[in-house]
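data_33.txt follows; it contains compact mmCIF, C-alpha atoms.
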# COMPACT_ATOMS: atom_id res chain seq x y z
CA MET X 4 -40.56 46.00 49.01
CA LYS X 5 -41.01 44.97 45.39
CA PRO X 6 -37.91 43.48 43.73
CA PRO X 7 -36.23 46.08 41.48
CA THR X 8 -37.32 46.00 37.85
CA ARG X 9 -34.90 46.36 34.93
CA LYS X 10 -36.04 49.97 34.66
CA ASP X 11 -35.14 50.56 38.33
CA GLU X 12 -31.67 49.15 37.70
CA ILE X 13 -31.21 51.38 34.67
CA ILE X 14 -32.19 54.43 36.70
CA LYS X 15 -29.88 53.51 39.55
CA THR X 16 -26.91 52.93 37.24
CA ALA X 17 -27.63 56.18 35.39
CA ALA X 18 -27.67 58.17 38.65
CA LYS X 19 -24.24 56.74 39.49
CA LEU X 20 -22.88 57.69 36.05
CA PHE X 21 -24.38 61.19 36.25
CA LYS X 22 -22.60 61.70 39.55
CA GLU X 23 -19.26 60.46 38.21
CA LYS X 24 -19.22 62.20 34.81
CA GLY X 25 -21.93 64.86 34.92
CA TYR X 26 -25.33 64.52 33.23
CA SER X 27 -24.27 66.20 29.97
CA ALA X 28 -21.28 63.90 29.44
CA VAL X 29 -23.17 60.61 29.86
CA THR X 30 -24.57 58.93 26.74
CA MET X 31 -27.16 56.16 26.43
CA ARG X 32 -24.30 54.10 24.99
CA ASP X 33 -22.23 54.63 28.19
CA LEU X 34 -25.21 53.52 30.20
CA ALA X 35 -25.75 50.36 28.14
CA SER X 36 -22.06 49.52 28.37
CA GLU X 37 -22.03 50.06 32.17
CA MET X 38 -24.96 47.65 32.46
CA GLY X 39 -23.41 45.15 30.08
CA ILE X 40 -26.36 45.21 27.68
CA LYS X 41 -26.89 46.45 24.12
CA ALA X 42 -27.98 50.05 23.62
CA ALA X 43 -30.99 48.83 21.64
CA SER X 44 -32.31 46.86 24.59
CA LEU X 45 -32.07 49.92 26.84
CA TYR X 46 -34.76 51.51 24.70
CA ASN X 47 -37.17 48.70 25.54
CA HIS X 48 -37.25 50.10 29.05
CA ILE X 49 -36.62 53.79 28.77
CA LYS X 50 -37.09 56.42 26.05
CA SER X 51 -34.24 58.82 26.70
CA LYS X 52 -31.70 60.23 29.12
CA GLN X 53 -34.23 62.98 29.82
CA GLU X 54 -36.82 60.41 30.92
CA ILE X 55 -34.27 58.90 33.32
CA LEU X 56 -33.45 62.31 34.78
CA LYS X 57 -37.14 63.00 35.26
CA GLU X 58 -37.63 59.63 37.01
CA ILE X 59 -34.74 60.31 39.38
CA ILE X 60 -35.51 63.90 40.29
CA ILE X 61 -39.29 64.08 40.25
CA SER X 62 -39.72 60.90 42.29
CA LEU X 63 -37.31 62.24 44.95
CA ALA X 64 -38.97 65.66 44.98
CA GLU X 65 -42.39 64.01 45.39
CA GLU X 66 -41.03 61.82 48.19
CA PHE X 67 -39.87 64.94 50.07
CA THR X 68 -43.20 66.66 49.43
CA LYS X 69 -45.17 63.65 50.70
CA GLY X 70 -42.90 63.32 53.75
CA LEU X 71 -43.36 66.98 54.68
CA GLN X 72 -47.14 66.74 54.20
CA ASP X 73 -47.25 63.81 56.61
CA ILE X 74 -45.21 65.79 59.16
CA GLN X 75 -47.55 68.77 58.77
CA LYS X 76 -50.61 66.57 59.45
CA SER X 77 -49.14 65.40 62.77
CA ASN X 78 -49.81 66.96 66.17
CA LEU X 79 -46.10 67.52 66.85
CA SER X 80 -44.70 70.78 68.16
CA ASN X 81 -42.83 72.94 65.64
CA ILE X 82 -39.44 71.95 67.08
CA GLU X 83 -40.44 68.28 66.80
CA LYS X 84 -41.55 68.87 63.20
CA LEU X 85 -38.08 70.24 62.41
CA GLN X 86 -36.54 67.15 64.00
CA GLU X 87 -38.77 64.96 61.80
CA ILE X 88 -37.63 66.91 58.72
CA VAL X 89 -34.00 66.14 59.64
CA LYS X 90 -34.92 62.43 59.84
CA LEU X 91 -36.71 62.63 56.50
CA HIS X 92 -33.60 64.01 54.78
CA VAL X 93 -31.24 61.51 56.43
CA SER X 94 -33.54 58.63 55.51
CA ILE X 95 -34.10 59.57 51.85
CA THR X 96 -30.44 60.55 51.32
CA SER X 97 -28.96 57.44 52.91
CA GLN X 98 -31.14 55.25 50.70
CA ASN X 99 -30.27 57.07 47.49
CA THR X 100 -27.08 59.16 47.58
CA TYR X 101 -26.56 59.02 43.80
CA GLY X 102 -30.12 60.17 43.19
CA MET X 103 -29.65 63.03 45.65
CA ALA X 104 -26.44 64.06 43.88
CA SER X 105 -28.40 64.18 40.63
CA LEU X 106 -31.23 66.17 42.24
CA ASN X 107 -28.71 68.73 43.44
CA ASN X 108 -26.45 68.93 40.41
CA ASP X 109 -28.67 68.15 37.43
CA TRP X 110 -32.14 69.59 38.06
CA MET X 111 -31.38 72.46 35.69
CA HIS X 112 -31.14 69.93 32.85
CA LEU X 113 -34.80 68.97 33.27
CA GLU X 114 -36.81 69.97 30.24
CA ASP X 115 -40.62 69.52 30.39
CA ASN X 116 -40.61 68.87 34.13
CA ARG X 117 -38.40 71.72 35.24
CA ASP X 118 -41.25 74.06 36.19
CA TYR X 119 -42.99 71.28 38.07
CA TYR X 120 -39.78 70.51 39.99
CA LEU X 121 -39.27 74.18 40.84
CA LYS X 122 -42.87 74.41 42.06
CA LEU X 123 -42.36 71.43 44.39
CA ARG X 124 -39.12 72.94 45.65
CA TYR X 125 -40.68 76.36 46.20
CA ASN X 126 -43.62 74.85 48.08
CA TYR X 127 -41.29 72.73 50.20
CA GLU X 128 -39.24 75.75 51.25
CA ASN X 129 -42.46 77.66 51.99
CA GLU X 130 -43.88 74.93 54.22
CA PHE X 131 -40.53 74.61 55.97
CA ARG X 132 -40.44 78.39 56.56
CA ASN X 133 -44.02 78.26 57.89
CA ILE X 134 -42.99 75.78 60.58
CA ILE X 135 -40.18 78.12 61.66
CA VAL X 136 -42.47 81.17 61.64
CA LYS X 137 -45.14 79.35 63.69
CA GLY X 138 -42.44 78.15 66.08
CA ILE X 139 -41.31 81.75 66.64
CA LYS X 140 -44.91 82.96 67.22
CA ASN X 141 -45.49 80.04 69.56
CA ASN X 142 -42.37 80.91 71.58
CA GLU X 143 -40.73 77.56 70.75
CA ILE X 144 -38.06 79.04 68.46
CA ILE X 145 -35.81 82.04 69.14
CA SER X 146 -36.77 85.24 67.42
CA GLU X 147 -34.14 85.36 64.67
CA ASN X 148 -34.48 85.91 60.93
CA GLU X 149 -36.49 82.94 59.63
CA ASP X 150 -34.65 82.85 56.29
CA VAL X 151 -31.28 82.53 58.01
CA MET X 152 -32.62 79.57 59.99
CA LEU X 153 -34.30 77.99 56.95
CA PHE X 154 -31.19 78.44 54.85
CA SER X 155 -28.78 77.13 57.49
CA ILE X 156 -30.75 73.96 58.13
CA LEU X 157 -31.57 73.28 54.47
CA SER X 158 -28.00 73.88 53.26
CA THR X 159 -26.76 71.19 55.60
CA LEU X 160 -29.55 68.76 54.76
CA ARG X 161 -29.09 69.32 51.01
CA SER X 162 -25.36 68.63 51.30
CA LEU X 163 -25.83 65.33 53.16
CA TYR X 164 -25.35 63.34 49.95
CA LEU X 165 -21.76 64.61 49.77
CA TRP X 166 -21.01 63.38 53.18
CA ILE X 167 -23.10 60.34 54.02
CA PRO X 168 -21.12 58.01 51.70
CA LYS X 169 -17.94 58.88 53.61
CA LYS X 170 -19.33 57.77 56.94
CA GLU X 171 -18.79 54.10 57.52
CA ASP X 172 -21.41 52.09 59.37
CA LEU X 173 -23.99 54.83 59.06
CA ASP X 174 -26.67 54.73 61.73
CA PRO X 175 -29.46 56.98 60.39
CA GLU X 176 -31.11 57.28 63.82
CA GLU X 177 -27.91 58.40 65.47
CA LEU X 178 -26.96 60.78 62.64
CA SER X 179 -30.44 62.34 62.80
CA ARG X 180 -30.08 62.84 66.53
CA GLN X 181 -26.65 64.46 66.14
CA LEU X 182 -27.82 66.74 63.33
CA SER X 183 -30.89 67.78 65.31
CA GLN X 184 -28.65 68.60 68.24
CA VAL X 185 -26.37 70.76 66.13
CA LEU X 186 -28.94 72.32 63.79
CA ILE X 187 -32.01 72.72 65.94
CA ASN X 188 -30.84 73.26 69.50
CA GLY X 189 -29.31 76.60 68.48
CA ILE X 190 -32.79 77.89 67.67
CA ASN X 191 -34.74 76.03 70.39
CA LYS X 192 -36.03 78.61 72.83
CA LYS X 193 -36.31 76.19 75.74
CA ILE X 194 -32.57 75.58 75.55
CA ASN X 195 -31.32 79.07 74.72
CA MET U 8 -7.54 99.50 47.43
CA LYS U 9 -5.81 99.53 44.07
CA PRO U 10 -8.03 100.34 41.07
CA PRO U 11 -8.95 97.13 39.20
CA THR U 12 -6.64 96.26 36.32
CA ARG U 13 -7.86 94.99 32.95
CA LYS U 14 -6.89 91.52 34.11
CA ASP U 15 -9.06 91.91 37.24
CA GLU U 16 -12.01 92.92 35.05
CA ILE U 17 -11.48 89.92 32.79
CA ILE U 18 -11.44 87.58 35.78
CA LYS U 19 -14.57 89.13 37.27
CA THR U 20 -16.48 88.92 34.00
CA ALA U 21 -15.33 85.33 33.49
CA ALA U 22 -16.55 84.30 36.95
CA LYS U 23 -19.98 85.73 36.11
CA LEU U 24 -20.08 83.82 32.80
CA PHE U 25 -18.92 80.57 34.47
CA LYS U 26 -21.79 80.90 36.94
CA GLU U 27 -24.36 81.57 34.21
CA LYS U 28 -23.29 78.99 31.62
CA GLY U 29 -20.94 76.58 33.38
CA TYR U 30 -17.15 76.62 32.97
CA SER U 31 -17.06 74.08 30.13
CA ALA U 32 -19.55 75.99 27.99
CA VAL U 33 -17.76 79.36 28.15
CA THR U 34 -15.26 80.20 25.38
CA MET U 35 -12.60 82.90 25.28
CA ARG U 36 -14.66 84.35 22.42
CA ASP U 37 -17.75 84.61 24.69
CA LEU U 38 -15.62 86.37 27.25
CA ALA U 39 -14.23 88.88 24.75
CA SER U 40 -17.71 89.57 23.41
CA GLU U 41 -19.11 90.09 26.94
CA MET U 42 -16.33 92.61 27.59
CA GLY U 43 -16.81 94.31 24.24
CA ILE U 44 -13.21 93.73 23.15
CA LYS U 45 -11.54 91.61 20.48
CA ALA U 46 -10.54 88.06 21.38
CA ALA U 47 -6.95 88.84 20.34
CA SER U 48 -6.63 91.60 22.91
CA LEU U 49 -7.82 89.24 25.68
CA TYR U 50 -4.64 87.27 25.14
CA ASN U 51 -2.55 90.32 25.98
CA HIS U 52 -3.78 89.94 29.53
CA ILE U 53 -4.46 86.29 30.06
CA LYS U 54 -3.20 83.04 28.53
CA SER U 55 -6.21 80.76 28.73
CA LYS U 56 -9.51 79.92 30.39
CA GLN U 57 -7.54 77.61 32.65
CA GLU U 58 -5.37 80.50 33.85
CA ILE U 59 -8.53 82.48 34.69
CA LEU U 60 -9.99 79.55 36.63
CA LYS U 61 -6.76 79.21 38.55
CA GLU U 62 -6.73 82.93 39.39
CA ILE U 63 -10.32 82.79 40.67
CA ILE U 64 -10.10 79.62 42.72
CA ILE U 65 -6.57 79.62 44.07
CA SER U 66 -6.72 83.25 45.18
CA LEU U 67 -9.96 82.56 47.07
CA ALA U 68 -8.61 79.36 48.62
CA GLU U 69 -5.48 81.23 49.74
CA GLU U 70 -7.63 84.03 51.17
CA PHE U 71 -9.50 81.48 53.30
CA THR U 72 -6.26 79.83 54.36
CA LYS U 73 -4.72 83.16 55.36
CA GLY U 74 -7.89 84.18 57.23
CA LEU U 75 -7.96 80.95 59.20
CA GLN U 76 -4.24 81.23 60.03
CA ASP U 77 -4.84 84.72 61.45
CA ILE U 78 -7.74 83.40 63.55
CA GLN U 79 -5.57 80.54 64.82
CA LYS U 80 -2.84 82.99 65.90
CA SER U 81 -5.31 84.94 68.05
CA ASN U 82 -5.96 84.40 71.75
CA LEU U 83 -9.69 83.87 71.21
CA SER U 84 -11.63 81.00 72.78
CA ASN U 85 -12.58 78.17 70.46
CA ILE U 86 -16.22 79.34 70.30
CA GLU U 87 -15.01 82.83 69.40
CA LYS U 88 -12.74 81.35 66.73
CA LEU U 89 -15.76 79.64 65.17
CA GLN U 90 -17.61 82.96 65.22
CA GLU U 91 -14.66 84.58 63.44
CA ILE U 92 -14.73 81.82 60.80
CA VAL U 93 -18.40 82.62 60.15
CA LYS U 94 -17.44 86.29 59.66
CA LEU U 95 -14.60 85.28 57.34
CA HIS U 96 -16.98 83.34 55.08
CA VAL U 97 -19.63 86.06 55.05
CA SER U 98 -17.01 88.69 54.26
CA ILE U 99 -15.26 86.83 51.42
CA THR U 100 -18.54 85.56 49.93
CA SER U 101 -20.33 88.91 50.01
CA GLN U 102 -17.40 90.52 48.18
CA ASN U 103 -17.18 87.87 45.48
CA THR U 104 -20.30 85.73 45.02
CA TYR U 105 -19.44 84.80 41.40
CA GLY U 106 -15.96 83.71 42.41
CA MET U 107 -17.40 81.61 45.23
CA ALA U 108 -19.84 79.98 42.80
CA SER U 109 -16.86 79.09 40.60
CA LEU U 110 -14.90 77.76 43.58
CA ASN U 111 -17.82 75.49 44.46
CA ASN U 112 -18.86 74.37 41.00
CA ASP U 113 -15.71 74.44 38.90
CA TRP U 114 -12.75 73.38 41.08
CA MET U 115 -12.77 69.94 39.46
CA HIS U 116 -11.86 71.59 36.15
CA LEU U 117 -8.55 72.81 37.56
CA GLU U 118 -5.63 71.12 35.82
CA ASP U 119 -2.11 71.79 37.16
CA ASN U 120 -3.43 73.43 40.34
CA ARG U 121 -6.02 70.88 41.33
CA ASP U 122 -3.82 69.03 43.82
CA TYR U 123 -2.71 72.30 45.37
CA TYR U 124 -6.34 73.39 45.73
CA LEU U 125 -7.30 70.07 47.32
CA LYS U 126 -4.38 70.36 49.74
CA LEU U 127 -5.52 73.83 50.84
CA ARG U 128 -9.08 72.56 51.23
CA TYR U 129 -7.99 69.50 53.21
CA ASN U 130 -5.81 71.60 55.52
CA TYR U 131 -8.63 74.11 56.02
CA GLU U 132 -11.05 71.38 57.07
CA ASN U 133 -8.42 69.91 59.37
CA GLU U 134 -7.72 73.20 61.12
CA PHE U 135 -11.46 73.81 61.45
CA ARG U 136 -11.94 70.35 62.98
CA ASN U 137 -9.04 71.01 65.38
CA ILE U 138 -10.82 74.06 66.75
CA ILE U 139 -13.94 71.97 67.37
CA VAL U 140 -11.96 69.14 69.00
CA LYS U 141 -10.09 71.58 71.26
CA GLY U 142 -13.39 73.25 72.14
CA ILE U 143 -14.81 69.89 73.21
CA LYS U 144 -11.73 69.06 75.31
CA ASN U 145 -11.85 72.53 76.83
CA ASN U 146 -15.50 72.10 77.78
CA GLU U 147 -16.58 75.00 75.57
CA ILE U 148 -18.35 72.82 72.99
CA ILE U 149 -20.85 70.04 73.60
CA SER U 150 -19.52 66.53 73.27
CA GLU U 151 -21.02 65.55 69.93
CA ASN U 152 -19.42 64.01 66.85
CA GLU U 153 -16.93 66.62 65.58
CA ASP U 154 -17.48 65.70 61.93
CA VAL U 155 -21.23 66.30 62.20
CA MET U 156 -20.50 69.74 63.63
CA LEU U 157 -17.80 70.52 61.06
CA PHE U 158 -19.98 69.37 58.21
CA SER U 159 -23.09 71.23 59.39
CA ILE U 160 -21.32 74.54 59.79
CA LEU U 161 -19.23 74.25 56.62
CA SER U 162 -22.19 73.16 54.45
CA THR U 163 -24.03 76.31 55.36
CA LEU U 164 -21.00 78.56 54.95
CA ARG U 165 -20.14 76.99 51.57
CA SER U 166 -23.70 77.54 50.35
CA LEU U 167 -23.74 81.24 51.27
CA TYR U 168 -22.96 82.27 47.68
CA LEU U 169 -26.31 80.80 46.60
CA TRP U 170 -28.16 82.86 49.07
CA ILE U 171 -26.36 86.12 49.73
CA PRO U 172 -27.27 87.65 46.34
CA LYS U 173 -30.98 87.16 47.14
CA LYS U 174 -30.80 89.21 50.30
CA GLU U 175 -31.30 92.88 49.62
CA ASP U 176 -29.40 95.44 51.67
CA LEU U 177 -27.02 92.84 53.04
CA ASP U 178 -25.44 93.79 56.34
CA PRO U 179 -22.45 91.41 56.74
CA GLU U 180 -22.14 92.14 60.48
CA GLU U 181 -25.79 91.34 61.14
CA LEU U 182 -25.77 88.24 58.91
CA SER U 183 -22.66 86.96 60.70
CA ARG U 184 -24.34 87.48 64.05
CA GLN U 185 -27.49 85.63 62.93
CA LEU U 186 -25.51 82.74 61.46
CA SER U 187 -23.39 82.43 64.60
CA GLN U 188 -26.57 82.33 66.66
CA VAL U 189 -28.06 79.56 64.54
CA LEU U 190 -24.91 77.56 63.78
CA ILE U 191 -22.81 77.91 66.89
CA ASN U 192 -25.19 78.31 69.81
CA GLY U 193 -26.42 74.75 69.28
CA ILE U 194 -22.94 73.47 70.12
CA ASN U 195 -21.98 76.08 72.74
CA LYS U 196 -21.77 74.33 76.08
CA LYS U 197 -22.38 77.47 78.13
CA ILE U 198 -25.78 77.82 76.51
CA ASN U 199 -26.85 74.19 76.26

Written as structure tokens, how would this file's structure read?
Amino acid sequence: MKPPTRKDEIIKTAAKLFKEKGYSAVTMRDLASEMGIKAASLYNHIKSKQEILKEIIISLAEEFTKGLQDIQKSNLSNIEKLQEIVKLHVSITSQNTYGMASLNNDWMHLEDNRDYYLKLRYNYENEFRNIIVKGIKNNEIISENEDVMLFSILSTLRSLYLWIPKKEDLDPEELSRQLSQVLINGINKKIN
Amino acid sequence: MKPPTRKDEIIKTAAKLFKEKGYSAVTMRDLASEMGIKAASLYNHIKSKQEILKEIIISLAEEFTKGLQDIQKSNLSNIEKLQEIVKLHVSITSQNTYGMASLNNDWMHLEDNRDYYLKLRYNYENEFRNIIVKGIKNNEIISENEDVMLFSILSTLRSLYLWIPKKEDLDPEELSRQLSQVLINGINKKIN
């Protein structure tokens, strides 16, 4: 791990402010004041609030995309791939709950990068659905509507940021196991 | 069913505008213009944007509270109670997706009624958790962390408003059955 740069600290503090006050209400002046520096020196590191938002959201979206690509390259069964996706969400969310809040609440404020974000999101949902569809064909997953399964699992995983900060002493391994039990066993054909 | 009053129409149109533009960005003038009436005549029916928000959110929160109380009074098993809660969410959400969007996105803009809303929400979650805890004690539900189960089921049910409008030809009975399969069978001890 590289030590965080000033720019990293700015981005982290901004994500916290966006969560507390909403993206639209936060000014570069608020951000400077929260960091205890002058607004002018902020601009040595970052051009605009929009650039910060892009850094937060696009880097998270690319992290999810990369994680899912790695899972897809593996030789795991489809049920195991779903379990790995649960771990991916718990891991990314527990490391960056403010960033995940911003991803969920503020993506619509993206300007130049909005289409790119939506493309990543669309592709992610498609790959996720493919795993479910293959699992059904392969007799690993019960034959239910794939969109209901996709939506149920993703809704929970996308809401983790609301909930992880409330859990004290979070153990990501144990939480992933519990979530897999609750979210994936209901569709696992070997169990049902 | 009573025919909708002018006030009902105002509230419905407002919920749609809140979803499209965000509560803060909508003015009483926008609302009048969307309805094709003069702003002055809006005020014959409704005092303020805040009153509209209260009507949307509190009436929905009370509908959920009432629905859960009825389920609690029944002689159903705890698993069956959870299945009825799924139906309750599908039914309320499919009848009022804009209102549910407002409930989810705009509750923090409530002024005088915010504490009342939060009390209803807190009690709802508590009653829901009680059903899960009783189900575990009664050997109907697998012995997993009750908050993980509560959170997983509620996250999906609370996100239904994002997803129901995309489904054409929605059949609430069939959607409830599918959701129960995916969300509840994973924790049903008879199946696992």

Kindly give the distance, in Å, that separates atom CA of Ser155 of chain X and atom CA of Thr163 of chain U, rounded to a single decimal.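 For atom CA of Ser155 of chain X relative to atom CA of Thr163 of chain U, the distance reads 5.3 Å.
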
List as a tab-separated table every residue of chain X that is in contact with chain U, defined as an atom at most 10 Å from one of its atoms (using only C-alpha atoms), together with the nearest atom pair and the distance in Å rounded to one decimal, sorted by chain and then rising number.
residue	atom	partner	partner_atom	distance
X:Asn108	CA	U:Asn112	CA	9.4
X:Ile145	CA	U:Val189	CA	9.3
X:Glu147	CA	U:Gln185	CA	6.9
X:Asn148	CA	U:Gln185	CA	7.3
X:Glu149	CA	U:Gln185	CA	10.0
X:Asp150	CA	U:Lys174	CA	9.5
X:Val151	CA	U:Leu186	CA	6.7
X:Met152	CA	U:Val189	CA	6.4
X:Leu153	CA	U:Val189	CA	10.0
X:Phe154	CA	U:Thr163	CA	7.5
X:Ser155	CA	U:Thr163	CA	5.3
X:Ile156	CA	U:Thr163	CA	7.6
X:Leu157	CA	U:Thr163	CA	8.2
X:Ser158	CA	U:Thr163	CA	5.1
X:Thr159	CA	U:Ser162	CA	5.1
X:Leu160	CA	U:Ser159	CA	8.3
X:Arg161	CA	U:Ser162	CA	8.6
X:Ser162	CA	U:Ser162	CA	6.4
X:Leu163	CA	U:Phe158	CA	8.7
X:Leu165	CA	U:Ser162	CA	9.8
X:Trp166	CA	U:Phe158	CA	7.9
X:Lys170	CA	U:Asp154	CA	9.6
X:Leu178	CA	U:Val155	CA	8.0
X:Gln181	CA	U:Glu151	CA	6.9
X:Leu182	CA	U:Val155	CA	6.7
X:Ser183	CA	U:Gly193	CA	9.2
X:Gln184	CA	U:Gly193	CA	6.6
X:Val185	CA	U:Gly193	CA	5.1
X:Leu186	CA	U:Gly193	CA	6.5
X:Ile187	CA	U:Gly193	CA	6.8
X:Asn188	CA	U:Gly193	CA	4.7
X:Gly189	CA	U:Gly193	CA	3.5
X:Ile190	CA	U:Val189	CA	5.9
X:Asn191	CA	U:Gly193	CA	8.5
X:Lys193	CA	U:Asn199	CA	9.7
X:Ile194	CA	U:Asn199	CA	5.9
X:Asn195	CA	U:Ile198	CA	6.0

Just to be explicit: take each residue in the selection above, keep C-alpha atoms, and write the result as a PDB file, keeping the file's coordinate frame.
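Result file follows (again.pdb):
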ATOM      1  CA  ASN X 108     -26.450  68.930  40.410  1.00  0.00           C
ATOM      2  CA  ILE X 145     -35.810  82.040  69.140  1.00  0.00           C
ATOM      3  CA  GLU X 147     -34.140  85.360  64.670  1.00  0.00           C
ATOM      4  CA  ASN X 148     -34.480  85.910  60.930  1.00  0.00           C
ATOM      5  CA  GLU X 149     -36.490  82.940  59.630  1.00  0.00           C
ATOM      6  CA  ASP X 150     -34.650  82.850  56.290  1.00  0.00           C
ATOM      7  CA  VAL X 151     -31.280  82.530  58.010  1.00  0.00           C
ATOM      8  CA  MET X 152     -32.620  79.570  59.990  1.00  0.00           C
ATOM      9  CA  LEU X 153     -34.300  77.990  56.950  1.00  0.00           C
ATOM     10  CA  PHE X 154     -31.190  78.440  54.850  1.00  0.00           C
ATOM     11  CA  SER X 155     -28.780  77.130  57.490  1.00  0.00           C
ATOM     12  CA  ILE X 156     -30.750  73.960  58.130  1.00  0.00           C
ATOM     13  CA  LEU X 157     -31.570  73.280  54.470  1.00  0.00           C
ATOM     14  CA  SER X 158     -28.000  73.880  53.260  1.00  0.00           C
ATOM     15  CA  THR X 159     -26.760  71.190  55.600  1.00  0.00           C
ATOM     16  CA  LEU X 160     -29.550  68.760  54.760  1.00  0.00           C
ATOM     17  CA  ARG X 161     -29.090  69.320  51.010  1.00  0.00           C
ATOM     18  CA  SER X 162     -25.360  68.630  51.300  1.00  0.00           C
ATOM     19  CA  LEU X 163     -25.830  65.330  53.160  1.00  0.00           C
ATOM     20  CA  LEU X 165     -21.760  64.610  49.770  1.00  0.00           C
ATOM     21  CA  TRP X 166     -21.010  63.380  53.180  1.00  0.00           C
ATOM     22  CA  LYS X 170     -19.330  57.770  56.940  1.00  0.00           C
ATOM     23  CA  LEU X 178     -26.960  60.780  62.640  1.00  0.00           C
ATOM     24  CA  GLN X 181     -26.650  64.460  66.140  1.00  0.00           C
ATOM     25  CA  LEU X 182     -27.820  66.740  63.330  1.00  0.00           C
ATOM     26  CA  SER X 183     -30.890  67.780  65.310  1.00  0.00           C
ATOM     27  CA  GLN X 184     -28.650  68.600  68.240  1.00  0.00           C
ATOM     28  CA  VAL X 185     -26.370  70.760  66.130  1.00  0.00           C
ATOM     29  CA  LEU X 186     -28.940  72.320  63.790  1.00  0.00           C
ATOM     30  CA  ILE X 187     -32.010  72.720  65.940  1.00  0.00           C
ATOM     31  CA  ASN X 188     -30.840  73.260  69.500  1.00  0.00           C
ATOM     32  CA  GLY X 189     -29.310  76.600  68.480  1.00  0.00           C
ATOM     33  CA  ILE X 190     -32.790  77.890  67.670  1.00  0.00           C
ATOM     34  CA  ASN X 191     -34.740  76.030  70.390  1.00  0.00           C
ATOM     35  CA  LYS X 193     -36.310  76.190  75.740  1.00  0.00           C
ATOM     36  CA  ILE X 194     -32.570  75.580  75.550  1.00  0.00           C
ATOM     37  CA  ASN X 195     -31.320  79.070  74.720  1.00  0.00           C
TER      38      ASN X 195
END

A straight line from atom CA of Leu83 of chain U to atom CA of Glu134 of chain U spans 14.8 Å

Quick check, in Å to one decimal: how far apart do atom CA of Thr100 of chain X and atom CA of Lys15 of chain X lie?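 Answer for the atom CA of Thr100 of chain X to atom CA of Lys15 of chain X separation: 10.2 Å.
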
Compile the contact shell of Tyr131 of chain U as a ChimeraX atom specification: residues with an atom at most 9 Å away, counting all atoms listed in the file, same-chain residues fewer than 3 positions apart removed. /U:71-72,75,126-128,134-136

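You can rank X:Glu58, X:Glu23, X:Glu176, X:Glu12 by their closest distance to Met38 of chain X using all atoms listed in the file, and at the top of that list sits X:Glu12.
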
Counting only C-alpha atoms, figure out which residue out of X:Asn142, X:Gln75, X:Gln98, X:Asp33 gets nearest to Asp174 of chain X.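 Once distances to Asp174 of chain X are computed over only C-alpha atoms, the minimum belongs to X:Gln98.
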
Considering only C-alpha atoms, can you say which of X:Ile82, X:Ile55, X:Leu63, X:Val29 comes closest to Asn141 of chain X? X:Ile82

Selected residue, from U:Ser84, U:Ser109, U:Ser55, U:Ser183, that lies nearest to Leu24 of chain U when counting only C-alpha atoms: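 Under the stated criterion, the closest residue is U:Ser109.
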
Within 10 Å of His116 of chain U, counting only C-alpha atoms, which residues qualify if same-chain residues fewer than 5 places away don't, as a ChimeraX atom specification? /U:30-31,57,60-61,121

Name all residues at most 8 Å from Glu87 of chain X (count all atoms listed in the file; drop same-chain ones fewer than 4 positions away) and give them as a compact mmCIF listing (two decimals) with C-alpha atoms, keeping the file's coordinate frame.
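Okay, this is what ended up in part-v8.txt:
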# COMPACT_ATOMS: atom_id res chain seq x y z
CA ILE X 74 -45.21 65.79 59.16
CA GLU X 83 -40.44 68.28 66.80
CA LEU X 91 -36.71 62.63 56.50

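In this comparison, which uses only C-alpha atoms, the residue of U:Ser40, U:Asn137, U:Asn130, U:Ser66 approaching Leu89 of chain U most closely is U:Asn137.
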
Selection: 7 Å around Ala46 of chain U, all atoms listed in the file, excl. self and same-chain fewer than 2 positions, as a compact mmCIF listing (two decimals) with C-alpha atoms, in the coordinates of the input:
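Saved as result.txt:
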# COMPACT_ATOMS: atom_id res chain seq x y z
CA MET U 35 -12.60 82.90 25.28
CA ARG U 36 -14.66 84.35 22.42
CA ALA U 39 -14.23 88.88 24.75
CA ILE U 44 -13.21 93.73 23.15
CA SER U 48 -6.63 91.60 22.91
CA LEU U 49 -7.82 89.24 25.68

Determine, counting only C-alpha atoms, which protein, DNA and RNA residues have an atom within 9 Å of an atom of Tyr124 of chain U; residues of the same chain fewer than 4 positions away are not included. Present the result as a PyMOL selection string. chain U and resi 64-65+68-69+114+117+120+128-129
